[in-house]
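In what follows, a structure is listed as structure tokens, so that the remarks can point back to it.
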Number of protein chains: 4
Amino acid sequence: MIYFDCDYLEGAHPHILQLMQETNMVQTSGYGEDAYCEKARELIKEACQAPDALVQFLVGGTQANMTVISAALRPHQGVLCASSGHINVHETGAIESYGHKVLALPAQNGKITAEQVYQYVNTHRADPSFEHTVQPGMVYISHPTETGTSYTKEELTALSEACRELGLYLYLDGARLAYGLAASGNDLDLPTIAKLCDVFYIGGTKCGALMGEAVVISHPDLKKDFRYIIKQKGGMFAKGRLLGLQFIGLFENGLYEEVGKHTIKLADKIRSAIKELGIPFASVNTTNQIFVILEDRQIETLSKEFSMCFFERVDESHCVMRICTSWATKEENVDALIDALKAVV
Amino acid sequence: MIYFDCDYLEGAHPHILQLMQETNMVQTSGYGEDAYCEKARELIKEACQAPDALVQFLVGGTQANMTVISAALRPHQGVLCASSGHINVHETGAIESYGHKVLALPAQNGKITAEQVYQYVNTHRADPSFEHTVQPGMVYISHPTETGTSYTKEELTALSEACRELGLYLYLDGARLAYGLAASGNDLDLPTIAKLCDVFYIGGTKCGALMGEAVVISHPDLKKDFRYIIKQKGGMFAKGRLLGLQFIGLFENGLYEEVGKHTIKLADKIRSAIKELGIPFASVNTTNQIFVILEDRQIETLSKEFSMCFFERVDESHCVMRICTSWATKEENVDALIDALKAVV
Amino acid sequence: MIYFDCDYLEGAHPHILQLMQETNMVQTSGYGEDAYCEKARELIKEACQAPDALVQFLVGGTQANMTVISAALRPHQGVLCASSGHINVHETGAIESYGHKVLALPAQNGKITAEQVYQYVNTHRADPSFEHTVQPGMVYISHPTETGTSYTKEELTALSEACRELGLYLYLDGARLAYGLAASGNDLDLPTIAKLCDVFYIGGTKCGALMGEAVVISHPDLKKDFRYIIKQKGGMFAKGRLLGLQFIGLFENGLYEEVGKHTIKLADKIRSAIKELGIPFASVNTTNQIFVILEDRQIETLSKEFSMCFFERVDESHCVMRICTSWATKEENVDALIDALKAVV
Amino acid sequence: MIYFDCDYLEGAHPHILQLMQETNMVQTSGYGEDAYCEKARELIKEACQAPDALVQFLVGGTQANMTVISAALRPHQGVLCASSGHINVHETGAIESYGHKVLALPAQNGKITAEQVYQYVNTHRADPSFEHTVQPGMVYISHPTETGTSYTKEELTALSEACRELGLYLYLDGARLAYGLAASGNDLDLPTIAKLCDVFYIGGTKCGALMGEAVVISHPDLKKDFRYIIKQKGGMFAKGRLLGLQFIGLFENGLYEEVGKHTIKLADKIRSAIKELGIPFASVNTTNQIFVILEDRQIETLSKEFSMCFFERVDESHCVMRICTSWATKEENVDALIDALKAVV
């Protein structure tokens, strides 16, 4: 069986495993205060051209989201996000578990706009009962989004300006950031993201690392006591050096970019084939998640050899299926999939 | 100025104030364990034909909601409600502040249906990622709703059956229950509500009391340690006897019914006049909140003598205004309002 | 039966009930934004010589504590207090329910010292694992304390200086403040308390009001969005005017002082008699709570006519009993108690 | 520099790294539902002779504690533990962050007794104000404790009986369980612990694994929906297979026992030398943490070659230092340390 279900099916990029192997018996202090973490921080700050940023490492995405959001908001504040945002639908209420309402806005292809933010905040402020409703304190976006779409530089700039004008924090969830940066048509880079956002995270788990997300904090107010919050939320990793090693591996020799390019090349190959075959897309994007509409009959045949992620049923005989590529996807498997798609059409 | 903004503009029904006056210097123990509270509990259990119910008194509605919901749910559970439900929009995230997501369903005239509950819960249970999403653990409804509509016995029965079949608690917020019970066409009564719901509250604050809501718990699991939760949530009222007195006042001589009838009679009088005058309703109900669409010009004229509650803007020259009657509304003021409406049409 | 159990046995001071009666049918807007609340705020700010303070009214003490503390602290911060402090022992974990650890310090007669605060905070800051422990963010004291003792001006000044130097908020719980201010030997007054504390509350419930506590906030950072937090914590009282009326009643004509003097005069009378009779005190103070050690045999006899509050067992044949006076205590009952004490000695 | 600071200075036992290497490119589903996790579960249930237990894997100890405790308690309940317990002092209030008070009992060598539990719970239940205080709902113990001591079978049996009689859950934090099981004089084993506790965790991070703790739940009520809580608390590890691999490595061929024996042998060797040299112990235990009192002068000399963990200052010229061994400690380094100790005495 060949799996295209998601982008965390394998372990780590061999280069990272190699680093772990080499340093395994080196003794370091714990909790992210070792030399490997320090080096990883420097590499990331350099890549972001953000010498004053605070970089901290967390094990996973939900943990990163709940730690950042809980650190940033006062009790009566909530976080604006797309209704399809990960914190709204796929974290079992982690944000609410720390007391904050997720304020869902109608998503447009997984994204929200500066206009929506202005409208929501201004409506809140003009409401005579404003104190009886949750105050928006932050905007959360994912880039790429949960449906694989991405923000343009123009869109992100508009969101950033809206947040700064309105006094809200802007937080970007970059679980799949490598794939966004490598997507065709992308006009964002790490320095721009670091400049436009108050805080964001560079995803490791889905982009070649064994695990780990690097939270990059630009806004001075968010840096204060952030490590206390990490510890309180259960995210202070004892052998923190492991997270440092992941990001040394990803940022030392351009591996993060390389991982992105490899993944997108293979996704684009599948996308082209699907287009040629006339199989309809459920939604369109240029990153590593491909959403196609297949007949049940086709799915049944394909599923003898290939595993894809069921997304939703369209009608009695069609479903949306998600096909993911990743740093670990082999081109030969992509070719096999394309052949199989041809066969079922 | 004559106010029709809401139903908590005045103090208490004179009969209740009288009771407070008479008993003011009597010494009682605190925290709702005095003879007045005991008597009020008996009156309420009798009115509900629910001898085994647990009745506890709280000062206000948000407090009642957060106490009941926090007592009922496990950390990963959320509460289903209409998107217009009070807990979703007008409690500054009180439910989330105790860790629970409010799972908003599209409201139909402020109400939700058994079908919506079945669909939501069954979709959740069928989702392969169910553990990654908040588990619905309770259904919250308000009756009358925030827009003045009410559930029928059939609708409430269907909701109750859905909840029992699915294993969710059913909770009814009766902030304005007196007005629901007195509304024309109503086919619900307290014993039916007590039987169909696992827990509900009988609103005092908006129905003649100085303050206070009586939580009536039928489900045995919800009774356990409920008073600990009241204390933890800041709702254990030192001079608990005051809440007992409110409900003795309301339930001893049929005052709760009388308050309902008076209020609805006056609301119906306004409603008839509006209908006759051809002023459009923004939404239709038979309780004590009337939502009308008025021209800005009309509003300006009326507002010299009458205060109403601005609800929302319809277009450049029209707004929805809410007119409320209550136990304290005087018929002469209703007549004056009707005359004024006639004058501006 | 004559009760000396506590200071919230009766309703409200007749003057306050009178005010409620007179204004009962006046229509006002809700939630503490009416003219009565405004007037009460002005009276309190004047009494505190704190024109810039923010004054907000809450129904009870636990609610005041959890609202203030939740508004003030970030998630990783805790609140220092005496181990006997109300928030540590008698609020069913209300502070923890909003995420904050209560950091209990050994109490000396119910009090803590500036030295203890310095030592705790400096130890925390010097700890290499400081990020793994809760950060002290506030000092909570009660004045008078739970055992009836009071802080001197010197002690409060020292605590205030410690907090300002260390960057912690100082919060004073004044549930029985009227009795502290009237106690013999007291050298504190409202303006001094308002100056030395960042936030405190003036207790109404136990000092003549039907209910209600007036939170007085001096520190600018604590004022921001405080009313959102009130609403979220269930403390936004619909008929807020009632709380305004309580404090108009208490502060308009010196009633708060008068209540204090009356109460302390009667407490002192009991204290003198106990001293003369040679009955041992369990602890010593000059406020309205008297802790005496009585023989079980004496308690049994007394309890036929008088109710006191059992505090703790001393040995096989002795208990500590608490005797409270209040604004409502009648001198004739005090005399009867003294006679009874004489009879059992 | 040779480090004896703690037991998480290195990466993973080479056997485990080997397993990770071998399986790195195997594709598995995520979130702990893969075949490796399934196999690890079976191995652990077998080792515990607990076929009905629910075994779930978490990344770290604080996360395990907060997930288990939050899953087990209702909002008004707290958790009893030794004042020196990890949850009370070294988790930045993680337990309180989910609303629960940690109820600290005076520790005796890091341990608490069944008698303390009986007394606390019975005092709570007899208190007339019981509803105003946090209800004890669970007992948390660490074994070995934070000071290296261990419970005997008799002590754990007594605690278990107390908890079952009183209706509290018993939870054992086994962060260093391998070292407790291997300690001289130990009379506990995994099946006994699984039988006596309602839930416990087998520590991986400090006992040879790269990371990971295996939570073993015996009590049926605690199993329900546990994985939702894991996800909500940020502990649902995307590449869950990694945690499965850790525990396959530790339990497949007796590695967990072997790690324990190696570590304890070296700790005992250091302990014997210290005893012979007449260096005083600060406290006595038989596990892998050694607490010695050294002169500042001695510490200074030793610290040129050896790093130990500063624990606390004893007097002007002496400190308590902690020396830890672990699965990764080399005998040659132990010998060097002993030589150095001899030299400074």
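Within each chain, counting starts at residue 1; across the structure tokens, chains are named A, B, ... in the order shown, with ligands numbered 1 upward in that order.
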
Can you check which residues of region 193-249 of chain D DSSP gives as strand (DSSP E) on the backbone and send them as number ranges by chain? D: 199-203, 213-217

Within 9 Å of chain C, which residues of chain D come that close, and what is the closest atom pair and distance in Å for each? Count only C-alpha atoms and give it as CSV.
residue,atom,partner,partner_atom,distance
D:Pro75,CA,C:Ser97,CA,7.2
D:His76,CA,C:Thr92,CA,6.5
D:Gln77,CA,C:Gly93,CA,8.4
D:Gly78,CA,C:Gly93,CA,8.3
D:Asn88,CA,C:Thr133,CA,8.7
D:Val89,CA,C:Thr133,CA,6.0
D:His90,CA,C:His132,CA,5.0
D:Glu91,CA,C:His132,CA,5.3
D:Thr92,CA,C:Thr133,CA,4.1
D:Gly93,CA,C:Val134,CA,5.7
D:Ala94,CA,C:Gly99,CA,8.4
D:Ile95,CA,C:Gly99,CA,8.2
D:Glu96,CA,C:Gly99,CA,5.0
D:Ser97,CA,C:Gly99,CA,3.8
D:Tyr98,CA,C:Gly99,CA,5.9
D:Gly99,CA,C:Ser97,CA,3.8
D:His100,CA,C:Glu96,CA,5.8
D:Lys101,CA,C:Glu96,CA,5.8
D:Val102,CA,C:Lys101,CA,8.4
D:Ser129,CA,C:His90,CA,8.0
D:Phe130,CA,C:Thr92,CA,8.7
D:Glu131,CA,C:Thr92,CA,6.9
D:His132,CA,C:Thr92,CA,4.9
D:Thr133,CA,C:Thr92,CA,4.1
D:Val134,CA,C:Thr92,CA,4.4
D:Gln135,CA,C:Thr92,CA,7.7

Export of the given selection (C-alpha atoms) as a PDB file, in the first residue's frame:
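Contents of part-v5.pdb, freshly written:
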ATOM      1  CA  PRO D  75     -14.305  21.279  38.535  1.00  0.00           C
ATOM      2  CA  HIS D  76     -14.650  21.574  42.313  1.00  0.00           C
ATOM      3  CA  GLN D  77     -12.195  18.802  43.044  1.00  0.00           C
ATOM      4  CA  GLY D  78      -8.522  19.025  43.898  1.00  0.00           C
ATOM      5  CA  ASN D  88       2.853  21.280  43.404  1.00  0.00           C
ATOM      6  CA  VAL D  89       6.235  22.834  42.809  1.00  0.00           C
ATOM      7  CA  HIS D  90       7.664  22.275  39.369  1.00  0.00           C
ATOM      8  CA  GLU D  91       4.971  22.493  36.752  1.00  0.00           C
ATOM      9  CA  THR D  92       4.266  26.256  36.719  1.00  0.00           C
ATOM     10  CA  GLY D  93       0.763  25.625  37.933  1.00  0.00           C
ATOM     11  CA  ALA D  94      -0.216  23.328  35.060  1.00  0.00           C
ATOM     12  CA  ILE D  95      -2.822  21.615  37.246  1.00  0.00           C
ATOM     13  CA  GLU D  96      -4.282  24.944  38.359  1.00  0.00           C
ATOM     14  CA  SER D  97      -4.260  26.124  34.742  1.00  0.00           C
ATOM     15  CA  TYR D  98      -7.017  23.554  34.185  1.00  0.00           C
ATOM     16  CA  GLY D  99      -8.907  24.707  37.256  1.00  0.00           C
ATOM     17  CA  HIS D 100      -7.833  22.305  39.991  1.00  0.00           C
ATOM     18  CA  LYS D 101      -6.262  23.174  43.311  1.00  0.00           C
ATOM     19  CA  VAL D 102      -3.290  21.104  44.388  1.00  0.00           C
ATOM     20  CA  SER D 129     -18.438  24.563  55.418  1.00  0.00           C
ATOM     21  CA  PHE D 130     -17.358  21.641  53.257  1.00  0.00           C
ATOM     22  CA  GLU D 131     -19.017  23.116  50.183  1.00  0.00           C
ATOM     23  CA  HIS D 132     -16.872  26.217  50.589  1.00  0.00           C
ATOM     24  CA  THR D 133     -13.647  24.265  50.306  1.00  0.00           C
ATOM     25  CA  VAL D 134     -12.117  22.243  47.494  1.00  0.00           C
ATOM     26  CA  GLN D 135     -13.196  18.601  47.543  1.00  0.00           C
TER      27      GLN D 135
END

request  = Show which residues sit within 9 Å of region 150-165 of chain A, as a ChimeraX atom specification. Count only C-alpha atoms, and ignore same-chain residues fewer than 4 positions away.
outcome  = /A:110-115,117-118,138-139,142-145,169-170,180,183,185-189,192-193,196-198,285-287

Kindly save the residues from that selection, with N, CA and C atoms included, as a CSV table (one decimal), in the first residue's frame.
chain,number,residue,atom,x,y,z
A,110,GLY,N,-10.7,29.0,2.7
A,110,GLY,CA,-9.8,28.7,3.9
A,110,GLY,C,-9.2,30.0,4.4
A,111,LYS,N,-9.5,31.1,3.8
A,111,LYS,CA,-8.8,32.4,4.2
A,111,LYS,C,-9.8,33.4,4.7
A,112,ILE,N,-9.3,34.4,5.4
A,112,ILE,CA,-10.1,35.6,5.8
A,112,ILE,C,-9.4,36.8,5.3
A,113,THR,N,-10.1,37.9,5.3
A,113,THR,CA,-9.6,39.1,4.7
A,113,THR,C,-9.5,40.2,5.8
A,114,ALA,N,-8.7,41.2,5.4
A,114,ALA,CA,-8.6,42.4,6.3
A,114,ALA,C,-9.9,43.1,6.5
A,115,GLU,N,-10.7,43.0,5.4
A,115,GLU,CA,-12.1,43.7,5.5
A,115,GLU,C,-12.9,43.0,6.6
A,117,VAL,N,-11.9,41.5,9.1
A,117,VAL,CA,-11.4,41.8,10.5
A,117,VAL,C,-11.9,43.2,10.9
A,118,TYR,N,-11.7,44.2,10.0
A,118,TYR,CA,-12.2,45.5,10.2
A,118,TYR,C,-13.7,45.5,10.6
A,138,MET,N,-7.0,39.0,18.8
A,138,MET,CA,-5.9,38.4,18.0
A,138,MET,C,-6.6,37.9,16.7
A,139,VAL,N,-5.8,37.9,15.6
A,139,VAL,CA,-6.2,37.2,14.4
A,139,VAL,C,-5.3,36.0,14.1
A,142,SER,N,-3.9,30.5,9.1
A,142,SER,CA,-2.9,29.4,8.8
A,142,SER,C,-2.5,29.6,7.3
A,143,HIS,N,-1.2,29.4,7.1
A,143,HIS,CA,-0.6,29.6,5.8
A,143,HIS,C,0.5,28.6,5.6
A,144,PRO,N,0.2,27.7,4.6
A,144,PRO,CA,-1.0,27.5,3.8
A,144,PRO,C,-2.1,27.1,4.8
A,145,THR,N,-3.3,27.3,4.2
A,145,THR,CA,-4.5,27.0,5.0
A,145,THR,C,-4.8,25.5,5.1
A,169,TYR,N,-3.3,41.4,17.8
A,169,TYR,CA,-2.1,40.6,17.4
A,169,TYR,C,-2.4,39.8,16.1
A,170,LEU,N,-1.4,39.7,15.3
A,170,LEU,CA,-1.6,38.8,14.1
A,170,LEU,C,-0.7,37.6,14.3
A,180,GLY,N,4.1,26.2,1.5
A,180,GLY,CA,3.6,27.5,1.1
A,180,GLY,C,4.7,28.3,0.4
A,183,ALA,N,5.4,27.0,-3.1
A,183,ALA,CA,4.3,26.9,-4.1
A,183,ALA,C,4.5,27.9,-5.2
A,185,GLY,N,3.8,30.7,-7.7
A,185,GLY,CA,3.1,31.9,-7.5
A,185,GLY,C,3.2,32.6,-6.1
A,186,ASN,N,3.9,31.9,-5.2
A,186,ASN,CA,4.1,32.5,-3.9
A,186,ASN,C,5.0,33.7,-4.0
A,187,ASP,N,4.5,34.7,-3.2
A,187,ASP,CA,5.4,35.9,-3.2
A,187,ASP,C,5.7,36.3,-1.8
A,188,LEU,N,5.6,35.4,-0.8
A,188,LEU,CA,6.0,35.6,0.5
A,188,LEU,C,7.3,34.9,0.9
A,189,ASP,N,8.1,35.5,1.8
A,189,ASP,CA,9.2,34.8,2.3
A,189,ASP,C,9.3,35.0,3.8
A,192,THR,N,9.5,38.6,5.3
A,192,THR,CA,8.3,39.3,5.2
A,192,THR,C,7.3,38.9,6.2
A,193,ILE,N,7.2,37.6,6.4
A,193,ILE,CA,6.2,37.0,7.3
A,193,ILE,C,6.6,37.5,8.7
A,196,LEU,N,5.5,41.1,9.1
A,196,LEU,CA,4.1,41.4,9.0
A,196,LEU,C,3.3,40.8,10.2
A,197,CYS,N,3.8,39.7,10.7
A,197,CYS,CA,3.1,39.0,11.8
A,197,CYS,C,3.7,39.4,13.2
A,198,ASP,N,2.9,39.4,14.2
A,198,ASP,CA,3.5,39.6,15.6
A,198,ASP,C,4.1,38.3,16.1
A,285,ASN,N,-5.5,24.9,-5.3
A,285,ASN,CA,-4.4,25.5,-4.6
A,285,ASN,C,-3.1,25.1,-5.3
A,286,THR,N,-2.0,25.7,-4.8
A,286,THR,CA,-0.7,25.3,-5.4
A,286,THR,C,0.2,24.7,-4.4
A,287,THR,N,-0.3,24.2,-3.3
A,287,THR,CA,0.6,23.7,-2.3
A,287,THR,C,0.6,22.1,-2.3

TODO: Would you list the contacts of region 259-268 of chain D as an NGL selection string, taking every protein, DNA or RNA residue within 8 Å and counting only C-alpha atoms, but skipping same-chain residues closer than 5 positions in sequence?
DONE: :D and (178-183 or 207-208 or 286-290 or 324-329 or 331 or 334)

Write a file of the just-selected residues containing N, CA, C and O atoms, as a PDB file, in the first residue's frame.
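Output file result-v6.pdb follows:
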ATOM      1  N   ALA D 178      11.656   3.047  36.461  1.00  0.00           N
ATOM      2  CA  ALA D 178      12.674   2.005  36.247  1.00  0.00           C
ATOM      3  C   ALA D 178      13.653   1.971  37.409  1.00  0.00           C
ATOM      4  O   ALA D 178      14.112   0.900  37.821  1.00  0.00           O
ATOM      5  N   TYR D 179      13.951   3.165  37.937  1.00  0.00           N
ATOM      6  CA  TYR D 179      14.953   3.230  38.997  1.00  0.00           C
ATOM      7  C   TYR D 179      14.365   2.821  40.341  1.00  0.00           C
ATOM      8  O   TYR D 179      15.066   2.300  41.204  1.00  0.00           O
ATOM      9  N   GLY D 180      13.089   3.049  40.515  1.00  0.00           N
ATOM     10  CA  GLY D 180      12.428   2.572  41.724  1.00  0.00           C
ATOM     11  C   GLY D 180      12.346   1.054  41.735  1.00  0.00           C
ATOM     12  O   GLY D 180      12.606   0.409  42.759  1.00  0.00           O
ATOM     13  N   LEU D 181      12.017   0.489  40.580  1.00  0.00           N
ATOM     14  CA  LEU D 181      11.868  -0.970  40.511  1.00  0.00           C
ATOM     15  C   LEU D 181      13.188  -1.689  40.712  1.00  0.00           C
ATOM     16  O   LEU D 181      13.213  -2.833  41.184  1.00  0.00           O
ATOM     17  N   ALA D 182      14.285  -1.027  40.364  1.00  0.00           N
ATOM     18  CA  ALA D 182      15.582  -1.670  40.468  1.00  0.00           C
ATOM     19  C   ALA D 182      16.294  -1.372  41.789  1.00  0.00           C
ATOM     20  O   ALA D 182      17.354  -1.951  42.067  1.00  0.00           O
ATOM     21  N   ALA D 183      15.720  -0.504  42.602  1.00  0.00           N
ATOM     22  CA  ALA D 183      16.398  -0.085  43.839  1.00  0.00           C
ATOM     23  C   ALA D 183      16.489  -1.240  44.827  1.00  0.00           C
ATOM     24  O   ALA D 183      15.596  -2.088  44.899  1.00  0.00           O
ATOM     25  N   CYS D 207      14.337   7.335  31.552  1.00  0.00           N
ATOM     26  CA  CYS D 207      14.725   5.928  31.712  1.00  0.00           C
ATOM     27  C   CYS D 207      15.109   5.290  30.387  1.00  0.00           C
ATOM     28  O   CYS D 207      14.778   4.122  30.132  1.00  0.00           O
ATOM     29  N   GLY D 208      15.781   6.041  29.524  1.00  0.00           N
ATOM     30  CA  GLY D 208      16.331   5.415  28.337  1.00  0.00           C
ATOM     31  C   GLY D 208      15.675   5.795  27.027  1.00  0.00           C
ATOM     32  O   GLY D 208      16.261   5.633  25.968  1.00  0.00           O
ATOM     33  N   THR D 286      17.483   4.866  47.981  1.00  0.00           N
ATOM     34  CA  THR D 286      18.204   3.785  47.294  1.00  0.00           C
ATOM     35  C   THR D 286      18.005   3.844  45.789  1.00  0.00           C
ATOM     36  O   THR D 286      18.213   2.857  45.088  1.00  0.00           O
ATOM     37  N   THR D 287      17.583   4.995  45.281  1.00  0.00           N
ATOM     38  CA  THR D 287      17.369   5.092  43.829  1.00  0.00           C
ATOM     39  C   THR D 287      18.515   5.851  43.155  1.00  0.00           C
ATOM     40  O   THR D 287      19.655   5.770  43.637  1.00  0.00           O
ATOM     41  N   ASN D 288      18.244   6.560  42.079  1.00  0.00           N
ATOM     42  CA  ASN D 288      19.346   7.110  41.283  1.00  0.00           C
ATOM     43  C   ASN D 288      19.694   8.565  41.569  1.00  0.00           C
ATOM     44  O   ASN D 288      20.466   9.162  40.828  1.00  0.00           O
ATOM     45  N   GLN D 289      19.082   9.131  42.597  1.00  0.00           N
ATOM     46  CA  GLN D 289      19.411  10.500  42.965  1.00  0.00           C
ATOM     47  C   GLN D 289      20.108  10.479  44.327  1.00  0.00           C
ATOM     48  O   GLN D 289      19.553   9.958  45.286  1.00  0.00           O
ATOM     49  N   ILE D 290      21.275  11.082  44.404  1.00  0.00           N
ATOM     50  CA  ILE D 290      22.041  11.085  45.652  1.00  0.00           C
ATOM     51  C   ILE D 290      22.185  12.533  46.113  1.00  0.00           C
ATOM     52  O   ILE D 290      22.659  13.380  45.356  1.00  0.00           O
ATOM     53  N   CYS D 324      23.113  12.536  39.984  1.00  0.00           N
ATOM     54  CA  CYS D 324      22.220  11.560  39.353  1.00  0.00           C
ATOM     55  C   CYS D 324      22.994  10.600  38.470  1.00  0.00           C
ATOM     56  O   CYS D 324      23.889  11.024  37.726  1.00  0.00           O
ATOM     57  N   THR D 325      22.608   9.348  38.499  1.00  0.00           N
ATOM     58  CA  THR D 325      23.058   8.436  37.450  1.00  0.00           C
ATOM     59  C   THR D 325      21.857   8.144  36.545  1.00  0.00           C
ATOM     60  O   THR D 325      20.727   8.489  36.872  1.00  0.00           O
ATOM     61  N   SER D 326      22.153   7.516  35.421  1.00  0.00           N
ATOM     62  CA  SER D 326      21.066   7.178  34.499  1.00  0.00           C
ATOM     63  C   SER D 326      21.490   5.999  33.631  1.00  0.00           C
ATOM     64  O   SER D 326      22.611   5.490  33.758  1.00  0.00           O
ATOM     65  N   TRP D 327      20.599   5.618  32.731  1.00  0.00           N
ATOM     66  CA  TRP D 327      20.902   4.568  31.750  1.00  0.00           C
ATOM     67  C   TRP D 327      22.179   4.886  30.972  1.00  0.00           C
ATOM     68  O   TRP D 327      22.851   3.987  30.484  1.00  0.00           O
ATOM     69  N   ALA D 328      22.526   6.185  30.872  1.00  0.00           N
ATOM     70  CA  ALA D 328      23.628   6.587  29.998  1.00  0.00           C
ATOM     71  C   ALA D 328      24.941   6.794  30.753  1.00  0.00           C
ATOM     72  O   ALA D 328      25.972   7.056  30.142  1.00  0.00           O
ATOM     73  N   THR D 329      24.886   6.687  32.073  1.00  0.00           N
ATOM     74  CA  THR D 329      26.099   6.938  32.855  1.00  0.00           C
ATOM     75  C   THR D 329      27.152   5.850  32.592  1.00  0.00           C
ATOM     76  O   THR D 329      26.818   4.664  32.567  1.00  0.00           O
ATOM     77  N   GLU D 331      30.543   3.806  33.667  1.00  0.00           N
ATOM     78  CA  GLU D 331      31.203   3.426  34.932  1.00  0.00           C
ATOM     79  C   GLU D 331      32.516   4.175  35.089  1.00  0.00           C
ATOM     80  O   GLU D 331      32.886   4.565  36.204  1.00  0.00           O
ATOM     81  N   VAL D 334      31.888   7.398  36.699  1.00  0.00           N
ATOM     82  CA  VAL D 334      31.585   7.201  38.115  1.00  0.00           C
ATOM     83  C   VAL D 334      32.892   7.024  38.894  1.00  0.00           C
ATOM     84  O   VAL D 334      33.086   7.633  39.961  1.00  0.00           O
TER      85      VAL D 334
END

Query raised in the report: Among region 180-293 of chain B, which ones does DSSP place in helix (DSSP H, G or I), written as number ranges by chain?
Result: B: 180-182, 190-196, 220-223, 226-232, 241-252, 255-277

Nearby residues (only C-alpha atoms) at most 6 Å from region 24-31 of chain C, same-chain spacing under 5 positions excluded, as a VMD selection string | (chain B and resid 9 to 11) or (chain C and resid 236 to 240)

- prompt: Could you pull the residues within 12 Å of Asp296 (chain D), counting only C-alpha atoms, minus those fewer than 3 positions along the same chain, as a VMD selection string?
  reply: chain D and resid 293 299 to 303 310 312 to 321 344 to 345

Could you write out the selected residues, including N, CA and C atoms, as a short mmCIF file (atom, residue, chain, number, x, y, z; two decimals), in the first residue's frame?
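Output below, filename selection-v3.cif:
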data_model
loop_
_atom_site.label_atom_id
_atom_site.label_comp_id
_atom_site.auth_asym_id
_atom_site.auth_seq_id
_atom_site.Cartn_x
_atom_site.Cartn_y
_atom_site.Cartn_z
N ILE D 293 25.86 16.59 51.22
CA ILE D 293 26.24 17.92 51.72
C ILE D 293 27.73 18.09 51.52
N ILE D 299 33.02 21.81 46.46
CA ILE D 299 32.21 21.98 45.25
C ILE D 299 33.00 22.71 44.17
N GLU D 300 33.69 23.73 44.60
CA GLU D 300 34.47 24.52 43.65
C GLU D 300 35.51 23.66 42.93
N THR D 301 36.23 22.86 43.72
CA THR D 301 37.24 21.99 43.13
C THR D 301 36.60 20.97 42.19
N LEU D 302 35.56 20.32 42.68
CA LEU D 302 34.91 19.28 41.87
C LEU D 302 34.35 19.84 40.56
N SER D 303 33.86 21.08 40.64
CA SER D 303 33.14 21.63 39.49
C SER D 303 34.06 21.95 38.32
N PHE D 310 22.88 21.86 41.83
CA PHE D 310 22.73 22.58 43.10
C PHE D 310 21.32 22.39 43.62
N GLU D 312 20.24 23.05 47.44
CA GLU D 312 19.96 24.16 48.34
C GLU D 312 21.15 24.44 49.23
N ARG D 313 21.19 25.64 49.74
CA ARG D 313 22.27 26.04 50.64
C ARG D 313 21.92 25.57 52.05
N VAL D 314 22.92 25.00 52.73
CA VAL D 314 22.71 24.52 54.10
C VAL D 314 23.12 25.60 55.10
N ASP D 315 24.33 26.08 54.94
CA ASP D 315 24.82 27.17 55.80
C ASP D 315 25.84 27.97 55.01
N GLU D 316 26.56 28.80 55.68
CA GLU D 316 27.48 29.71 54.97
C GLU D 316 28.52 29.01 54.11
N SER D 317 28.84 27.78 54.49
CA SER D 317 29.94 27.12 53.77
C SER D 317 29.55 25.74 53.21
N HIS D 318 28.27 25.40 53.26
CA HIS D 318 27.87 24.08 52.77
C HIS D 318 26.60 24.15 51.92
N CYS D 319 26.53 23.26 50.94
CA CYS D 319 25.34 23.15 50.10
C CYS D 319 24.94 21.69 49.93
N VAL D 320 23.65 21.51 49.65
CA VAL D 320 23.21 20.18 49.21
C VAL D 320 23.35 20.14 47.69
N MET D 321 24.03 19.10 47.21
CA MET D 321 24.18 18.90 45.77
C MET D 321 23.54 17.56 45.40
N VAL D 344 39.08 15.48 47.36
CA VAL D 344 38.68 16.74 48.02
C VAL D 344 38.37 16.57 49.51
N VAL D 345 38.17 15.34 49.94
CA VAL D 345 37.82 15.12 51.36
C VAL D 345 39.04 15.39 52.26
#
